[in-house]
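In what follows, a structure is listed as structure tokens, so that the remarks can point back to it.
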Amino acid sequence: MNLDFHHLLPEDFSPDSRVWIYQGSRVLTLSEALELEVHLNGFAADWISHGADVKAYANLFFGQFIVLMADETKTGVSGCSTDSSVRFVKQMGERFRIDFFERTMLAFYVKNKIELLPVSQVEYAFQNQFISADTLYFNNVITSRRELESQWIIPVKESWLWQRLAITASE
């Protein structure tokens, strides 16, 4: 699996563009992904904030992660427009029977595929070498394009999770 996604990002968006990542509870099938792509393009084209068009981008990465981006250099994204994006993602989850809001599962790149682990099992996985300090982790808490490009897919040792694992291992 090729994890390079940078070429898919729009070149004309500010590095400070806001980003939201929604991790799916499973990989979508090809037909689901193609259908979702149509909905994502429609949402990005129609996203508005206080009556003004939002310069938006939406895409599905690796068949499992919805990435929404809003370049706020011209139109800011307010509470109502953020709420509309959340409603949209919830609708897509219902349509495809996939949970994009499950926050207790973490995504790792293991043996050439994305694996989801419950937070409660991460320490066990680390202690039993299923994951290591160098295992790639999908850091879905990033909030800007700049962070998306440099801090989304990172080794565990460079993430917030590493401190948690170090603290747990020392207890």
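Residues are referred to by chain and number: the chain letter is A, B, ... according to the order shown in the structure tokens, the number counts from 1 in that chain, and ligands are numbered separately from 1 in the order shown.
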
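Residues in contact with His50 in chain A at 12 Å, where only C-alpha atoms are counted and same-chain residues fewer than 6 positions away are skipped, are listed as Thr75, Gly76, Val77, Ser78, Gly79, Cys80, Ser81, Thr82 and Ser84 of chain A.
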
Residues from the last selection, C-alpha atoms, saved as a JSON list (two decimals), in the first residue's frame:
[["chain", "number", "residue", "atom", "x", "y", "z"],
["A", 75, "THR", "CA", -14.34, 32.79, 4.16],
["A", 76, "GLY", "CA", -14.08, 31.55, 7.72],
["A", 77, "VAL", "CA", -15.81, 28.36, 8.80],
["A", 78, "SER", "CA", -18.12, 29.05, 11.72],
["A", 79, "GLY", "CA", -20.07, 26.83, 14.09],
["A", 80, "CYS", "CA", -23.03, 26.41, 11.74],
["A", 81, "SER", "CA", -20.89, 25.45, 8.76],
["A", 82, "THR", "CA", -18.84, 23.08, 10.91],
["A", 84, "SER", "CA", -23.19, 21.05, 8.53]]

Open item on the list: I want to know what sits within 7 Å of range 118-131 of chain A, based on only C-alpha atoms, with residues of the same chain fewer than 4 positions away left out; could you give that as a PyMOL selection string?
Closed with: chain A and resi 104-106+135+165

Selection file, N, CA and C atoms, as a JSON list (two decimals), in the first residue's frame:
[["chain", "number", "residue", "atom", "x", "y", "z"],
["A", 104, "THR", "N", -12.41, 5.53, 19.90],
["A", 104, "THR", "CA", -11.62, 4.65, 20.75],
["A", 104, "THR", "C", -10.75, 3.69, 19.94],
["A", 105, "MET", "N", -10.83, 3.78, 18.62],
["A", 105, "MET", "CA", -10.00, 2.95, 17.74],
["A", 105, "MET", "C", -8.91, 3.82, 17.13],
["A", 106, "LEU", "N", -7.69, 3.31, 17.19],
["A", 106, "LEU", "CA", -6.54, 4.01, 16.62],
["A", 106, "LEU", "C", -6.04, 3.24, 15.41],
["A", 135, "THR", "N", 6.44, 1.98, 14.23],
["A", 135, "THR", "CA", 5.19, 1.70, 13.51],
["A", 135, "THR", "C", 4.52, 3.02, 13.15],
["A", 165, "LEU", "N", 2.48, 5.58, 26.21],
["A", 165, "LEU", "CA", 3.07, 4.25, 26.30],
["A", 165, "LEU", "C", 4.28, 4.27, 27.23]]

Task: Selection near Asn41 in chain A, 10 Å with only C-alpha atoms, sequence-local residues under 3 positions removed, as a list in words - done: Leu36, Glu37, Val38, Ala44, Ala45, Asp46, Ala56, Tyr57, Ala58 and Asn59 of chain A

DSSP on the backbone, then: every residue of chain A marked alpha helix (DSSP H), written as an mmCIF file with N, CA and C atoms, in the first residue's frame.
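The result, written out as selection_22.cif:
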data_model
loop_
_atom_site.group_PDB
_atom_site.id
_atom_site.type_symbol
_atom_site.label_atom_id
_atom_site.label_comp_id
_atom_site.auth_asym_id
_atom_site.auth_seq_id
_atom_site.Cartn_x
_atom_site.Cartn_y
_atom_site.Cartn_z
ATOM 1 N N LEU A 30 -14.777 -0.788 -3.118
ATOM 2 C CA LEU A 30 -14.505 0.099 -4.244
ATOM 3 C C LEU A 30 -15.773 0.817 -4.700
ATOM 4 N N SER A 31 -16.866 0.107 -4.800
ATOM 5 C CA SER A 31 -18.109 0.758 -5.257
ATOM 6 C C SER A 31 -18.577 1.793 -4.233
ATOM 7 N N GLU A 32 -18.445 1.490 -2.937
ATOM 8 C CA GLU A 32 -18.801 2.473 -1.905
ATOM 9 C C GLU A 32 -17.910 3.707 -1.994
ATOM 10 N N ALA A 33 -16.619 3.476 -2.179
ATOM 11 C CA ALA A 33 -15.667 4.591 -2.256
ATOM 12 C C ALA A 33 -15.968 5.492 -3.448
ATOM 13 N N LEU A 34 -16.294 4.891 -4.570
ATOM 14 C CA LEU A 34 -16.618 5.687 -5.761
ATOM 15 C C LEU A 34 -17.886 6.502 -5.547
ATOM 16 N N GLU A 35 -18.879 5.900 -4.906
ATOM 17 C CA GLU A 35 -20.114 6.636 -4.616
ATOM 18 C C GLU A 35 -19.850 7.743 -3.599
ATOM 19 N N LEU A 36 -19.082 7.434 -2.566
ATOM 20 C CA LEU A 36 -18.768 8.446 -1.556
ATOM 21 C C LEU A 36 -18.009 9.622 -2.167
ATOM 22 N N GLU A 37 -17.125 9.339 -3.106
ATOM 23 C CA GLU A 37 -16.364 10.397 -3.768
ATOM 24 C C GLU A 37 -17.287 11.419 -4.423
ATOM 25 N N VAL A 38 -18.364 10.947 -5.032
ATOM 26 C CA VAL A 38 -19.335 11.857 -5.657
ATOM 27 C C VAL A 38 -19.954 12.758 -4.589
ATOM 28 N N HIS A 39 -20.334 12.168 -3.455
ATOM 29 C CA HIS A 39 -20.936 12.943 -2.362
ATOM 30 C C HIS A 39 -19.925 13.932 -1.766
ATOM 31 N N LEU A 40 -18.684 13.510 -1.622
ATOM 32 C CA LEU A 40 -17.650 14.399 -1.084
ATOM 33 C C LEU A 40 -17.437 15.601 -2.003
ATOM 34 N N ASN A 41 -17.365 15.347 -3.293
ATOM 35 C CA ASN A 41 -17.189 16.445 -4.252
ATOM 36 C C ASN A 41 -18.377 17.407 -4.202
ATOM 37 N N GLY A 42 -19.571 16.868 -4.089
ATOM 38 C CA GLY A 42 -20.765 17.706 -3.994
ATOM 39 C C GLY A 42 -20.775 18.534 -2.729
ATOM 40 N N PHE A 43 -20.397 17.925 -1.600
ATOM 41 C CA PHE A 43 -20.363 18.666 -0.344
ATOM 42 C C PHE A 43 -19.348 19.801 -0.434
ATOM 43 N N ALA A 44 -18.153 19.509 -0.925
ATOM 44 C CA ALA A 44 -17.108 20.543 -1.015
ATOM 45 C C ALA A 44 -17.551 21.687 -1.921
ATOM 46 N N ALA A 45 -18.225 21.363 -3.014
ATOM 47 C CA ALA A 45 -18.680 22.394 -3.955
ATOM 48 C C ALA A 45 -19.782 23.257 -3.359
ATOM 49 N N ASP A 46 -20.592 22.699 -2.459
ATOM 50 C CA ASP A 46 -21.758 23.410 -1.929
ATOM 51 C C ASP A 46 -21.592 23.934 -0.507
ATOM 52 N N GLY A 79 -19.394 27.940 13.438
ATOM 53 C CA GLY A 79 -20.071 26.826 14.092
ATOM 54 C C GLY A 79 -21.123 26.167 13.229
ATOM 55 N N CYS A 80 -21.953 26.982 12.564
ATOM 56 C CA CYS A 80 -23.032 26.413 11.740
ATOM 57 C C CYS A 80 -22.471 25.636 10.554
ATOM 58 N N SER A 81 -21.444 26.163 9.918
ATOM 59 C CA SER A 81 -20.893 25.452 8.758
ATOM 60 C C SER A 81 -20.113 24.219 9.205
ATOM 61 N N THR A 82 -19.492 24.272 10.368
ATOM 62 C CA THR A 82 -18.839 23.076 10.913
ATOM 63 C C THR A 82 -19.896 22.028 11.237
ATOM 64 N N ASP A 83 -21.003 22.466 11.834
ATOM 65 C CA ASP A 83 -22.101 21.545 12.129
ATOM 66 C C ASP A 83 -22.621 20.880 10.859
ATOM 67 N N SER A 84 -22.692 21.634 9.775
ATOM 68 C CA SER A 84 -23.187 21.050 8.528
ATOM 69 C C SER A 84 -22.231 19.974 8.022
ATOM 70 N N SER A 85 -20.934 20.164 8.235
ATOM 71 C CA SER A 85 -19.975 19.144 7.802
ATOM 72 C C SER A 85 -20.114 17.885 8.654
ATOM 73 N N VAL A 86 -20.337 18.062 9.941
ATOM 74 C CA VAL A 86 -20.534 16.908 10.830
ATOM 75 C C VAL A 86 -21.808 16.152 10.431
ATOM 76 N N ARG A 87 -22.872 16.883 10.151
ATOM 77 C CA ARG A 87 -24.116 16.243 9.699
ATOM 78 C C ARG A 87 -23.881 15.450 8.413
ATOM 79 N N PHE A 88 -23.132 16.054 7.501
ATOM 80 C CA PHE A 88 -22.824 15.388 6.229
ATOM 81 C C PHE A 88 -22.079 14.072 6.477
ATOM 82 N N VAL A 89 -21.044 14.104 7.312
ATOM 83 C CA VAL A 89 -20.263 12.893 7.576
ATOM 84 C C VAL A 89 -21.133 11.843 8.266
ATOM 85 N N LYS A 90 -21.993 12.278 9.184
ATOM 86 C CA LYS A 90 -22.915 11.327 9.834
ATOM 87 C C LYS A 90 -23.843 10.692 8.798
ATOM 88 N N GLN A 91 -24.349 11.486 7.867
ATOM 89 C CA GLN A 91 -25.218 10.952 6.813
ATOM 90 C C GLN A 91 -24.479 9.923 5.960
ATOM 91 N N MET A 92 -23.227 10.210 5.651
ATOM 92 C CA MET A 92 -22.435 9.270 4.856
ATOM 93 C C MET A 92 -22.205 7.976 5.651
ATOM 94 N N GLY A 93 -21.985 8.106 6.935
ATOM 95 C CA GLY A 93 -21.823 6.927 7.781
ATOM 96 C C GLY A 93 -23.070 6.060 7.771
ATOM 97 N N GLU A 94 -24.227 6.713 7.868
ATOM 98 C CA GLU A 94 -25.492 5.973 7.839
ATOM 99 C C GLU A 94 -25.705 5.322 6.473
ATOM 100 N N ARG A 95 -25.408 6.070 5.443
ATOM 101 C CA ARG A 95 -25.612 5.560 4.079
ATOM 102 C C ARG A 95 -24.778 4.305 3.811
ATOM 103 N N PHE A 96 -23.522 4.328 4.296
ATOM 104 C CA PHE A 96 -22.610 3.218 4.010
ATOM 105 C C PHE A 96 -22.429 2.259 5.190
ATOM 106 N N VAL A 119 -7.983 1.637 21.836
ATOM 107 C CA VAL A 119 -7.036 2.322 22.724
ATOM 108 C C VAL A 119 -6.644 1.403 23.878
ATOM 109 N N SER A 120 -7.601 0.669 24.391
ATOM 110 C CA SER A 120 -7.346 -0.203 25.538
ATOM 111 C C SER A 120 -6.373 -1.342 25.218
ATOM 112 N N GLN A 121 -6.143 -1.631 23.936
ATOM 113 C CA GLN A 121 -5.254 -2.723 23.543
ATOM 114 C C GLN A 121 -3.878 -2.256 23.061
ATOM 115 N N VAL A 122 -3.655 -0.949 22.991
ATOM 116 C CA VAL A 122 -2.409 -0.434 22.443
ATOM 117 C C VAL A 122 -1.205 -0.848 23.292
ATOM 118 N N GLU A 123 -1.322 -0.753 24.584
ATOM 119 C CA GLU A 123 -0.203 -1.138 25.453
ATOM 120 C C GLU A 123 0.143 -2.621 25.256
ATOM 121 N N TYR A 124 -0.872 -3.469 25.214
ATOM 122 C CA TYR A 124 -0.658 -4.896 24.983
ATOM 123 C C TYR A 124 0.035 -5.122 23.629
ATOM 124 N N ALA A 125 -0.449 -4.443 22.603
ATOM 125 C CA ALA A 125 0.125 -4.580 21.264
ATOM 126 C C ALA A 125 1.584 -4.140 21.244
ATOM 127 N N PHE A 126 1.891 -3.106 21.983
ATOM 128 C CA PHE A 126 3.262 -2.614 22.056
ATOM 129 C C PHE A 126 4.148 -3.617 22.803
ATOM 130 N N GLN A 127 3.682 -4.085 23.941
ATOM 131 C CA GLN A 127 4.456 -5.033 24.749
ATOM 132 C C GLN A 127 4.693 -6.352 24.017
ATOM 133 N N ARG A 145 -3.671 22.046 7.288
ATOM 134 C CA ARG A 145 -3.025 21.430 6.125
ATOM 135 C C ARG A 145 -1.550 21.191 6.413
ATOM 136 N N ARG A 146 -0.902 22.161 7.035
ATOM 137 C CA ARG A 146 0.519 22.029 7.365
ATOM 138 C C ARG A 146 0.751 20.754 8.192
ATOM 139 N N GLU A 147 -0.096 20.557 9.205
ATOM 140 C CA GLU A 147 0.030 19.365 10.041
ATOM 141 C C GLU A 147 -0.322 18.097 9.254
ATOM 142 N N LEU A 148 -1.317 18.181 8.393
ATOM 143 C CA LEU A 148 -1.703 17.029 7.571
ATOM 144 C C LEU A 148 -0.501 16.549 6.766
ATOM 145 N N GLU A 149 0.219 17.480 6.188
ATOM 146 C CA GLU A 149 1.349 17.130 5.333
ATOM 147 C C GLU A 149 2.545 16.589 6.115
ATOM 148 N N SER A 150 2.706 17.014 7.358
ATOM 149 C CA SER A 150 3.922 16.633 8.091
ATOM 150 C C SER A 150 3.693 15.765 9.324
ATOM 151 N N GLN A 151 2.452 15.735 9.841
ATOM 152 C CA GLN A 151 2.238 15.054 11.122
ATOM 153 C C GLN A 151 1.057 14.091 11.140
ATOM 154 N N TRP A 160 1.616 11.720 20.282
ATOM 155 C CA TRP A 160 1.171 11.861 21.661
ATOM 156 C C TRP A 160 1.081 10.493 22.340
ATOM 157 N N LEU A 161 0.866 9.464 21.551
ATOM 158 C CA LEU A 161 0.707 8.114 22.074
ATOM 159 C C LEU A 161 1.993 7.596 22.727
ATOM 160 N N TRP A 162 3.122 8.030 22.202
ATOM 161 C CA TRP A 162 4.410 7.560 22.728
ATOM 162 C C TRP A 162 4.571 7.931 24.200
ATOM 163 N N GLN A 163 4.206 9.145 24.551
ATOM 164 C CA GLN A 163 4.298 9.558 25.963
ATOM 165 C C GLN A 163 3.400 8.683 26.825
ATOM 166 N N ARG A 164 2.228 8.374 26.329
ATOM 167 C CA ARG A 164 1.304 7.527 27.089
ATOM 168 C C ARG A 164 1.889 6.130 27.271
ATOM 169 N N LEU A 165 2.475 5.581 26.209
ATOM 170 C CA LEU A 165 3.074 4.253 26.303
ATOM 171 C C LEU A 165 4.284 4.270 27.234
ATOM 172 N N ALA A 166 5.107 5.304 27.174
ATOM 173 C CA ALA A 166 6.275 5.411 28.040
ATOM 174 C C ALA A 166 5.869 5.504 29.503
ATOM 175 N N ILE A 167 4.828 6.272 29.775
ATOM 176 C CA ILE A 167 4.353 6.420 31.147
ATOM 177 C C ILE A 167 3.798 5.084 31.647
ATOM 178 N N THR A 168 3.005 4.407 30.826
ATOM 179 C CA THR A 168 2.407 3.140 31.216
ATOM 180 C C THR A 168 3.491 2.084 31.425
ATOM 181 N N ALA A 169 4.491 2.065 30.564
ATOM 182 C CA ALA A 169 5.546 1.062 30.675
ATOM 183 C C ALA A 169 6.406 1.266 31.915
ATOM 184 N N SER A 170 6.505 2.497 32.384
ATOM 185 C CA SER A 170 7.343 2.769 33.565
ATOM 186 C C SER A 170 6.620 2.546 34.875
#

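Near Asn112 in chain A, within 12 Å and counting only C-alpha atoms, sit Met1, Asn2, Leu3, Phe62, Phe108, Tyr109, Glu115, Thr135 and Leu136 of chain A, not including residues fewer than 3 positions from it in the same chain.
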
Restrict the selected residues to C-alpha atoms and save them as a short mmCIF file (atom, residue, chain, number, x, y, z; two decimals), in the first residue's frame.
data_model
loop_
_atom_site.label_atom_id
_atom_site.label_comp_id
_atom_site.auth_asym_id
_atom_site.auth_seq_id
_atom_site.Cartn_x
_atom_site.Cartn_y
_atom_site.Cartn_z
CA MET A 1 0.00 0.00 0.00
CA ASN A 2 1.36 3.38 -0.99
CA LEU A 3 0.87 5.95 1.78
CA PHE A 62 -6.91 4.87 1.75
CA PHE A 108 -1.64 1.93 12.52
CA TYR A 109 0.17 0.81 9.39
CA GLU A 115 -4.99 -1.96 11.26
CA THR A 135 5.19 1.70 13.51
CA LEU A 136 3.36 4.34 11.51
#

- [ ] Return the single residue from A:Val156, A:Val141, A:Ala70, A:Leu60 that is closest to Val27 in chain A, with distances computed using only C-alpha atoms.
- [x] A:Leu60

Open item on the list: Calculated over only C-alpha atoms, which of the candidates A:Arg103, A:Lys55, A:Lys74, A:Lys157 has the smallest distance to Pro10 in chain A?
Closed with: A:Lys55

Open item on the list: Under the rule that only C-alpha atoms are counted, which of A:Ser144, A:Pro155, A:Glu102, A:Val54 is the nearest residue to Arg18 in chain A?
Closed with: A:Ser144

TODO: Would you list, as number ranges by chain, the residues of chain A that end up in strand (DSSP E or B) under DSSP run on this structure's backbone?
DONE: A: 18-23, 48-49, 52-53, 55-61, 65-71, 105-110, 113-118, 136-138, 144, 153-155
